[in-house]
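A.B. asks: Structure supplied as my_file_6.txt; contents: compact mmCIF, C-alpha atoms.
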```txt
# COMPACT_ATOMS: atom_id res chain seq x y z
CA MET A 1070 22.11 13.15 -18.25
CA ARG A 1071 23.18 15.22 -15.25
CA PRO A 1072 26.96 15.89 -15.09
CA GLY A 1073 28.60 13.69 -12.49
CA LEU A 1074 25.81 11.10 -12.60
CA HIS A 1075 27.08 7.86 -14.03
CA ILE A 1076 24.80 4.89 -14.58
CA PRO A 1077 26.72 1.93 -16.01
CA PRO A 1078 25.35 0.57 -19.30
CA LYS A 1079 23.00 -2.38 -19.08
CA ILE A 1080 22.61 -1.96 -15.33
CA ILE A 1081 19.99 -4.10 -13.70
CA VAL A 1082 18.61 -1.83 -11.01
CA LEU A 1083 16.19 -4.07 -9.09
CA PRO A 1084 18.68 -6.77 -8.05
CA LEU A 1085 21.13 -4.05 -7.00
CA ALA A 1086 18.46 -2.37 -4.90
CA VAL A 1087 17.53 -5.64 -3.19
CA GLN A 1088 21.22 -6.38 -2.53
CA ALA A 1089 21.76 -2.87 -1.14
CA LEU A 1090 18.82 -3.28 1.23
CA PHE A 1091 20.30 -6.57 2.41
CA ASP A 1092 23.80 -5.09 2.74
CA VAL A 1093 22.63 -2.28 5.03
CA GLY A 1094 20.67 -4.73 7.17
CA ALA A 1095 17.24 -3.44 6.17
CA SER A 1096 16.07 -7.02 5.71
CA PRO A 1097 17.57 -10.50 5.62
CA TYR A 1098 14.78 -11.61 3.28
CA VAL A 1099 14.17 -11.53 -0.45
CA PHE A 1100 11.08 -9.50 -1.25
CA CYS A 1101 9.38 -7.73 -4.12
CA ILE A 1102 9.99 -4.11 -5.03
CA ASN A 1103 7.29 -2.25 -6.90
CA VAL A 1104 8.82 -1.33 -10.25
CA ASP A 1105 6.72 1.84 -10.54
CA GLY A 1106 7.99 2.94 -7.14
CA MET A 1107 11.58 2.29 -8.15
CA ILE A 1108 11.15 4.28 -11.37
CA ALA A 1109 9.52 7.14 -9.47
CA ALA A 1110 12.36 7.20 -6.93
CA LEU A 1111 15.00 7.29 -9.66
CA LEU A 1112 13.16 10.02 -11.55
CA LEU A 1113 12.78 12.06 -8.39
CA ALA A 1114 16.48 11.65 -7.62
CA LEU A 1115 17.29 12.99 -11.08
CA LEU A 1116 14.84 15.89 -11.09
CA TRP A 1117 14.58 16.97 -7.45
CA PRO A 1118 17.66 19.28 -7.52
CA ASP A 1119 16.27 21.09 -10.57
CA TYR A 1120 12.86 21.41 -8.93
CA GLN A 1121 14.36 22.68 -5.66
CA ALA A 1122 16.46 25.23 -7.59
CA GLY A 1123 13.41 26.47 -9.50
CA ARG A 1124 14.71 25.32 -12.88
CA ILE A 1125 11.61 23.17 -13.43
CA THR A 1126 8.06 23.69 -12.21
CA GLU A 1127 5.79 21.33 -10.31
CA GLN A 1128 3.81 20.87 -13.54
CA GLU A 1129 7.00 19.87 -15.42
CA LEU A 1130 7.89 17.43 -12.64
CA GLU A 1131 4.42 15.90 -12.86
CA THR A 1132 4.60 15.75 -16.67
CA ALA A 1133 7.97 13.99 -16.50
CA ALA A 1134 6.59 11.41 -14.05
CA PHE A 1135 3.51 10.79 -16.18
CA THR A 1136 5.60 10.52 -19.36
CA VAL A 1137 7.93 7.94 -17.81
CA PHE A 1138 4.90 6.02 -16.47
CA LEU A 1139 3.21 6.14 -19.89
CA LEU A 1140 6.32 5.03 -21.79
CA GLY A 1141 6.72 2.09 -19.41
CA ARG A 1142 3.11 1.05 -19.95
CA MET A 1143 3.50 1.35 -23.72
CA MET A 1144 6.56 -0.92 -23.63
CA GLY A 1145 4.64 -3.38 -21.47
CA ALA A 1146 1.71 -3.38 -23.89
CA ALA A 1147 4.04 -3.98 -26.84
CA ALA A 1148 5.66 -6.88 -24.98
CA GLU A 1149 2.23 -8.38 -24.23
CA ILE A 1150 1.24 -8.12 -27.89
CA ASP A 1151 4.50 -9.76 -28.98
CA ASP A 1152 4.02 -12.48 -26.38
CA HIS A 1153 0.52 -13.30 -27.60
CA LEU A 1154 1.49 -13.20 -31.25
CA ASN A 1155 4.57 -15.39 -30.87
CA ARG A 1156 3.76 -17.75 -27.98
CA GLY A 1157 0.11 -18.51 -28.44
CA ARG A 1158 -3.16 -16.83 -29.13
CA ASN A 1159 -5.16 -18.91 -26.69
CA MET A 1160 -4.37 -16.21 -24.10
CA ASP A 1161 -2.58 -18.70 -21.87
CA THR A 1162 0.99 -17.64 -22.52
CA ARG A 1163 2.37 -18.40 -19.08
CA THR A 1164 5.82 -19.93 -18.95
CA PRO A 1165 5.77 -23.16 -16.93
CA ALA A 1166 7.65 -22.78 -13.64
CA SER A 1167 9.93 -25.66 -14.68
CA ARG A 1168 11.23 -23.51 -17.58
CA CYS A 1169 11.92 -20.40 -15.48
CA LYS A 1170 15.59 -19.70 -14.89
CA LEU A 1171 15.43 -16.40 -12.97
CA VAL A 1172 12.70 -14.45 -11.26
CA THR A 1173 13.33 -10.75 -10.66
```
Here is a file; write its structure as structure tokens.

C.D. replies:
Amino acid sequence: MRPGLHIPPKIIVLPLAVQALFDVGASPYVFCINVDGMIAALLLALLWPDYQAGRITEQELETAAFTVFLLGRMMGAAAEIDDHLNRGRNMDTRTPASRCKLVT
């Protein structure tokens, strides 16, 4: 991790981003944020100084982005498999709205 950059453990980024947008007056509404876009923005924030300084190449920047994208998709696939194995194999594994506690 870059020196000086501190990300608190177990931080939940999306709700903080939505709150920050509200706090600066960008919108009084609750809306969706594309998770891939958020991940890309965070990755770019971490790697952009190194790219600008010539410490990493455009190819390395692209590889980092693809790797993060791929790892996210792999985690999502594993979660889907677990969901189908443990909540029903009839492929209808939706949680009824009445049982939802929080939507992020």

A.B. asks: Each side padded by 3 Å, which centre and which edge lengths in Å (one decimal) define the axis-aligned box around the listed atoms of segment 1105-1122 of chain A? Give them as JSON.

C.D. replies:
```
{"center_x": 12.2, "center_y": 13.5, "center_z": -8.6, "size_x": 16.9, "size_y": 29.4, "size_z": 11.9}
```

A.B. asks: Would you mind reading off the distance between atom CA of Pro1165 of chain A and atom CA of Arg1142 of chain A, one decimal, in Å?

C.D. replies: 24.5 Å

A.B. asks: Could you tell me how far atom CA of Leu1090 of chain A sits from atom CA of Leu1115 of chain A, in Å to one decimal place?

C.D. replies: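 Going from atom CA of Leu1115 of chain A over to atom CA of Leu1090 of chain A covers 20.5 Å.
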
A.B. asks: Just give me the gap between atom CA of His1153 of chain A and atom CA of Ala1109 of chain A in Å, one decimal is fine.

C.D. replies: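 Calculated distance between atom CA of His1153 of chain A and atom CA of Ala1109 of chain A is 28.8 Å.
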
A.B. asks: Would you list the contacts of segment 1125-1139 of chain A as a ChimeraX atom specification, taking every protein, DNA or RNA residue within 9 Å and counting all atoms listed in the file, but skipping same-chain residues closer than 6 positions in sequence?

C.D. replies: /A:1105,1108-1109,1112-1113,1116-1117,1119

A.B. asks: How about saving the chosen residues, C-alpha atoms kept, as an mmCIF file, keeping the file's coordinate frame?

C.D. replies:
```cif
data_model
loop_
_atom_site.group_PDB
_atom_site.id
_atom_site.type_symbol
_atom_site.label_atom_id
_atom_site.label_comp_id
_atom_site.auth_asym_id
_atom_site.auth_seq_id
_atom_site.Cartn_x
_atom_site.Cartn_y
_atom_site.Cartn_z
ATOM 1 C CA ASP A 1105 6.720 1.840 -10.540
ATOM 2 C CA ILE A 1108 11.150 4.280 -11.370
ATOM 3 C CA ALA A 1109 9.520 7.140 -9.470
ATOM 4 C CA LEU A 1112 13.160 10.020 -11.550
ATOM 5 C CA LEU A 1113 12.780 12.060 -8.390
ATOM 6 C CA LEU A 1116 14.840 15.890 -11.090
ATOM 7 C CA TRP A 1117 14.580 16.970 -7.450
ATOM 8 C CA ASP A 1119 16.270 21.090 -10.570
#
```
